[in-house]
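For reference, the structure is listed below as structure tokens.
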Amino acid sequence: MVRFHSASVCGILMLSVGGLAADSWPYQSFTTASWRVPQLSINQTGDVGQGYIFVALQGEQATPVGPTIYDGNGDLIYQGSHANASGFRVQNVSGQDMITFWSGQYVDPGYGYGTVHILDNAYNELYTITLKDNYITPDGQAQLSYLDDHEHLVTSEDTILVSVINVTEYDLSAVGGQPDHYVANYLFYEIEVQSNDIVYSWSALDHIPIELSEVDLAGTSTRELPFDPFQLNAINPTKNGFLVSLRGYSSVFYLNRDASIQWQLSGINGGDFELDEVNFSWQHDARVYDETDESLTLSLFSNSNNNDESDGESTAMILHVDVINRKVSAIRQVSDPDDPIQSKDEGSVQLLEPATPQSHLLVGYGDVPELKEYNGDGDVILSAQFGHSGYIGSSSVYKSQWRATPFWKPSVEAKKISDFAFDVYMSWNGATEYDNWAIYSVPSQDSDETTLVTSHKRTGFETRVSIRVTDFSYIRVKARQGQVSLGESDAIEL
């Protein structure tokens, strides 16, 4: 099953095993690793931004696949061990670039309860963000941690903004329900990264009227299938508080630190603003840039679709928000005229370095397994696909520069091809800084005595080299940058 959020119940899209076969999309497999990773099919037509591509694959075909890094050629760089991951990216923590992602359990009707992991550039998990309390889940089961998968944004103060879904009994008479019905309440917390201590909390149910939601009451609004009016999916720190994206309202709300609402910007009717040829709906990934007392820049992914209705093509937007005159105008609205996409769930917009309104934009299309990079003129200069629509997707995609040397050893396997010849396969999951392999013979498995057999340029994730074997029966390989060894494998017997 693919887990993406609908506008009504955050539902899980059940997929048939018939029709499009799971094996019809090409996958990468390796001798030195057990993963089966979808190929990233890339079409590049211009000069693109630097960096690797970060995705957290979701769906039936992605079940055994963890957080994944590809290079610009579509070759695998890193495969993480946590399945059910979301929001995989590079963030600055304590002055260092680290990778962060959510992983956990999905509970019908599609809510996430889990943990945020923060790893350094050797892939040591330095911080683990958890939240434990008496939250209510649709299935009534206790969880080890209750963090929702939609958001985990690290701030410049080394705090992290995270969300939680708490199923709450609530009087839904105002929207046609009953006094004892249930609602999916969205909360967010600001947590200190190093201590895991909560420093701030906010509840949507306490501050946002449910009758203003664009979501219609459906079903019985039971605990197992609660009314889902809010659908909070992004949280930003601001000068005076926070900006949150509520998909169920097709709006972003500017919250003061005392939790009062300073303003609402609705993509449908403007809310507190006048819209100048701007409209958005069912949005994701709203982000704040260049905030002053007079204005701010807002990026977002306008899905313009949900599982119940389709408004049109999904679009990446950069908006100028004039908070003094309460007017909103478009700086950029980009989509691909040759490949119009209607994304019903998830999606992301990243301003590539330098992060200005004229930057290249990397757009991920959520439940549609495509990503595109647009230049400053709005032209598509890179498009990539990693599966068939309906079978796999990624809640967000990011492009970031990343330098890593793993704490684990390189992997090596050998296959005999004749009496005196072997194919040697070498890989080092997650390593970015080596450019060649050296193969050494060793007299025994525990020996440190080595003799160089051959060296070979690194080729993709896994490099294969054929060698002739004369008077040795053990080999060890080293991953090198030039002549400098960065890591070496255990010795294996041929």
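Ligands are numbered from 1 in the order shown, chains are lettered A, B, ... in the order of the structure tokens, and residues start at 1 in each chain.
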Surrounding residues of Leu371 in chain A excluding itself and chain neighbours under 2 positions, 6 Å, only C-alpha atoms, as a PyMOL selection string: chain A and resi 363-364+383-384
Sel. of alpha helix (DSSP H) residues, range 90-223 of chain A, as a ChimeraX atom specification: /A:204-207
Convert the current residue selection to file output with C-alpha atoms, as an mmCIF file, in the first residue's frame.
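The file below, out06.cif, is the result:
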```cif
data_model
loop_
_atom_site.group_PDB
_atom_site.id
_atom_site.type_symbol
_atom_site.label_atom_id
_atom_site.label_comp_id
_atom_site.auth_asym_id
_atom_site.auth_seq_id
_atom_site.Cartn_x
_atom_site.Cartn_y
_atom_site.Cartn_z
ATOM 1 C CA ALA A 204 -4.885 23.287 16.388
ATOM 2 C CA LEU A 205 -8.125 22.290 18.096
ATOM 3 C CA ASP A 206 -7.613 24.988 20.733
ATOM 4 C CA HIS A 207 -7.034 27.816 18.259
#
```
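CA of Thr168 in chain A is found 18.3 Å from CA of Leu212 in chain A.
Look at Lys344 in chain A: the protein and nucleic acid residues within 8 Å of it, using only C-alpha atoms and passing over chain neighbours fewer than 5 places away, are Ser6, Asn303, Ser304, Asn305, Asn306, Asn307, Gly366 and Asp367 of chain A.
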Strand (DSSP E or B) positions in range 283-354 of chain A, given as a ChimeraX atom specification: /A:284-289,295-302,305,310,315-322,327-334,348-351
Give me a file of those residues, with N, CA, C and O atoms, as a short mmCIF file (atom, residue, chain, number, x, y, z; two decimals), in the first residue's frame.
```cif
data_model
loop_
_atom_site.label_atom_id
_atom_site.label_comp_id
_atom_site.auth_asym_id
_atom_site.auth_seq_id
_atom_site.Cartn_x
_atom_site.Cartn_y
_atom_site.Cartn_z
N HIS A 284 1.28 21.81 0.34
CA HIS A 284 2.31 21.20 1.20
C HIS A 284 3.56 22.08 1.20
O HIS A 284 3.75 22.92 0.32
N ASP A 285 4.39 21.83 2.19
CA ASP A 285 5.78 22.33 2.24
C ASP A 285 5.85 23.85 2.14
O ASP A 285 6.69 24.40 1.42
N ALA A 286 5.01 24.56 2.87
CA ALA A 286 5.08 26.03 2.91
C ALA A 286 6.30 26.46 3.72
O ALA A 286 6.49 26.01 4.86
N ARG A 287 7.15 27.33 3.14
CA ARG A 287 8.40 27.75 3.79
C ARG A 287 8.56 29.27 3.71
O ARG A 287 8.21 29.90 2.71
N VAL A 288 9.12 29.84 4.78
CA VAL A 288 9.29 31.29 4.91
C VAL A 288 10.73 31.68 4.63
O VAL A 288 11.67 31.04 5.11
N TYR A 289 10.89 32.76 3.85
CA TYR A 289 12.21 33.33 3.55
C TYR A 289 12.13 34.85 3.69
O TYR A 289 11.07 35.45 3.49
N SER A 295 7.14 42.42 5.17
CA SER A 295 6.81 41.40 4.17
C SER A 295 7.58 40.12 4.44
O SER A 295 8.49 40.08 5.29
N LEU A 296 7.24 39.11 3.68
CA LEU A 296 8.02 37.87 3.68
C LEU A 296 7.83 37.20 2.33
O LEU A 296 6.89 37.49 1.58
N THR A 297 8.76 36.28 2.02
CA THR A 297 8.65 35.43 0.84
C THR A 297 8.18 34.06 1.29
O THR A 297 8.68 33.52 2.28
N LEU A 298 7.22 33.50 0.57
CA LEU A 298 6.64 32.21 0.92
C LEU A 298 6.74 31.27 -0.27
O LEU A 298 6.31 31.61 -1.37
N SER A 299 7.34 30.10 -0.07
CA SER A 299 7.32 29.06 -1.09
C SER A 299 6.36 27.97 -0.65
O SER A 299 6.21 27.70 0.55
N LEU A 300 5.72 27.33 -1.60
CA LEU A 300 4.83 26.22 -1.28
C LEU A 300 4.56 25.39 -2.52
O LEU A 300 4.77 25.83 -3.66
N PHE A 301 4.08 24.18 -2.28
CA PHE A 301 3.66 23.28 -3.35
C PHE A 301 2.14 23.22 -3.31
O PHE A 301 1.54 22.70 -2.36
N SER A 302 1.51 23.78 -4.34
CA SER A 302 0.06 23.76 -4.43
C SER A 302 -0.38 22.49 -5.14
O SER A 302 -0.25 22.37 -6.36
N ASN A 305 -5.26 19.45 -5.68
CA ASN A 305 -5.95 18.17 -5.81
C ASN A 305 -6.04 17.50 -4.46
O ASN A 305 -5.19 17.70 -3.59
N SER A 310 -10.43 17.20 -8.11
CA SER A 310 -9.25 17.66 -8.82
C SER A 310 -9.49 19.09 -9.30
O SER A 310 -10.42 19.36 -10.04
N THR A 315 1.40 22.90 -8.79
CA THR A 315 2.30 23.99 -9.15
C THR A 315 3.19 24.36 -7.98
O THR A 315 2.75 24.39 -6.83
N ALA A 316 4.46 24.65 -8.26
CA ALA A 316 5.37 25.21 -7.26
C ALA A 316 5.26 26.72 -7.30
O ALA A 316 5.27 27.32 -8.39
N MET A 317 5.16 27.34 -6.13
CA MET A 317 4.93 28.78 -6.06
C MET A 317 5.92 29.48 -5.14
O MET A 317 6.27 28.95 -4.08
N ILE A 318 6.35 30.67 -5.56
CA ILE A 318 7.08 31.59 -4.71
C ILE A 318 6.24 32.86 -4.65
O ILE A 318 5.97 33.49 -5.68
N LEU A 319 5.80 33.23 -3.45
CA LEU A 319 4.86 34.33 -3.28
C LEU A 319 5.47 35.46 -2.46
O LEU A 319 6.25 35.21 -1.53
N HIS A 320 5.11 36.68 -2.80
CA HIS A 320 5.46 37.84 -2.00
C HIS A 320 4.25 38.20 -1.14
O HIS A 320 3.16 38.46 -1.66
N VAL A 321 4.45 38.22 0.18
CA VAL A 321 3.38 38.49 1.12
C VAL A 321 3.63 39.85 1.75
O VAL A 321 4.56 40.02 2.54
N ASP A 322 2.81 40.82 1.37
CA ASP A 322 2.89 42.18 1.92
C ASP A 322 2.00 42.22 3.15
O ASP A 322 0.76 42.30 3.03
N LYS A 327 -1.52 42.18 0.90
CA LYS A 327 -1.65 41.76 -0.48
C LYS A 327 -0.63 40.66 -0.77
O LYS A 327 0.48 40.68 -0.24
N VAL A 328 -1.02 39.73 -1.60
CA VAL A 328 -0.15 38.60 -1.98
C VAL A 328 -0.04 38.55 -3.50
O VAL A 328 -1.06 38.55 -4.20
N SER A 329 1.18 38.53 -4.00
CA SER A 329 1.41 38.44 -5.44
C SER A 329 2.40 37.32 -5.71
O SER A 329 3.17 36.91 -4.84
N ALA A 330 2.38 36.84 -6.93
CA ALA A 330 3.26 35.73 -7.32
C ALA A 330 4.59 36.27 -7.82
O ALA A 330 4.63 37.12 -8.70
N ILE A 331 5.67 35.76 -7.24
CA ILE A 331 7.01 36.00 -7.79
C ILE A 331 7.28 34.97 -8.89
O ILE A 331 7.75 35.33 -9.97
N ARG A 332 6.94 33.73 -8.62
CA ARG A 332 7.10 32.66 -9.61
C ARG A 332 6.01 31.62 -9.39
O ARG A 332 5.66 31.30 -8.24
N GLN A 333 5.51 31.07 -10.47
CA GLN A 333 4.62 29.91 -10.42
C GLN A 333 5.09 28.98 -11.54
O GLN A 333 4.98 29.34 -12.71
N VAL A 334 5.62 27.82 -11.18
CA VAL A 334 6.25 26.98 -12.19
C VAL A 334 5.60 25.61 -12.26
O VAL A 334 5.22 25.01 -11.26
N SER A 348 6.89 18.82 -2.54
CA SER A 348 7.86 19.71 -1.91
C SER A 348 8.42 20.69 -2.92
O SER A 348 8.43 20.43 -4.13
N VAL A 349 8.91 21.83 -2.42
CA VAL A 349 9.58 22.85 -3.21
C VAL A 349 10.84 23.26 -2.46
O VAL A 349 10.77 23.66 -1.30
N GLN A 350 11.99 23.15 -3.11
CA GLN A 350 13.25 23.56 -2.49
C GLN A 350 13.91 24.63 -3.33
O GLN A 350 14.11 24.46 -4.54
N LEU A 351 14.24 25.77 -2.70
CA LEU A 351 15.04 26.79 -3.34
C LEU A 351 16.49 26.37 -3.22
O LEU A 351 17.03 26.27 -2.11
#
```
Contacts of range 129-136 of chain A within 12 Å, only C-alpha atoms, excl. fewer than 5 positions in-chain, as a ChimeraX atom specification: /A:100-104,107,111,113-119,141-149,152-154,159-169,182-198,223-224,226
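Using only C-alpha atoms for every distance, the candidate list A:Ser250, A:Phe280, A:Val244, A:Asn325 yields A:Ser250 as the residue closest to Pro229 in chain A.
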All residues 12 Å or closer to Ser29 in chain A, only C-alpha atoms, same chain fewer than 4 positions away omitted, as a PyMOL selection string: chain A and resi 33-39+65+75-76+79+461-462
File dump, residues just selected, C-alpha atoms, as a short mmCIF file (atom, residue, chain, number, x, y, z; two decimals), in the first residue's frame:
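Heads up, here's the output in again_19.cif:
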```cif
data_model
loop_
_atom_site.label_atom_id
_atom_site.label_comp_id
_atom_site.auth_asym_id
_atom_site.auth_seq_id
_atom_site.Cartn_x
_atom_site.Cartn_y
_atom_site.Cartn_z
CA ALA A 33 24.30 -5.50 -0.72
CA SER A 34 20.86 -7.05 -0.45
CA TRP A 35 18.88 -3.94 -1.44
CA ARG A 36 16.63 -3.60 -4.42
CA VAL A 37 16.42 0.11 -5.20
CA PRO A 38 14.40 1.71 -8.01
CA GLN A 39 16.45 3.24 -10.77
CA VAL A 65 13.81 0.61 1.02
CA ASP A 75 23.61 5.97 -9.22
CA LEU A 76 22.99 4.97 -5.62
CA GLN A 79 20.77 3.29 1.38
CA PHE A 461 27.76 2.42 -6.29
CA GLU A 462 29.34 -0.97 -6.92
#
```
Counting only C-alpha atoms, the option among A:Gln385, A:Gln105, A:Thr405, A:Asn429 closest to Ser485 in chain A: A:Thr405
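For the residues A:Thr45, A:Ser173, A:Asn121, A:Thr137, ranking by smallest atom-to-atom distance to Val93 in chain A using only C-alpha atoms places A:Asn121 first.
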For CA of Ile467 in chain A and CA of Trp428 in chain A, the interatomic separation in Å (one decimal): 19.7 Å
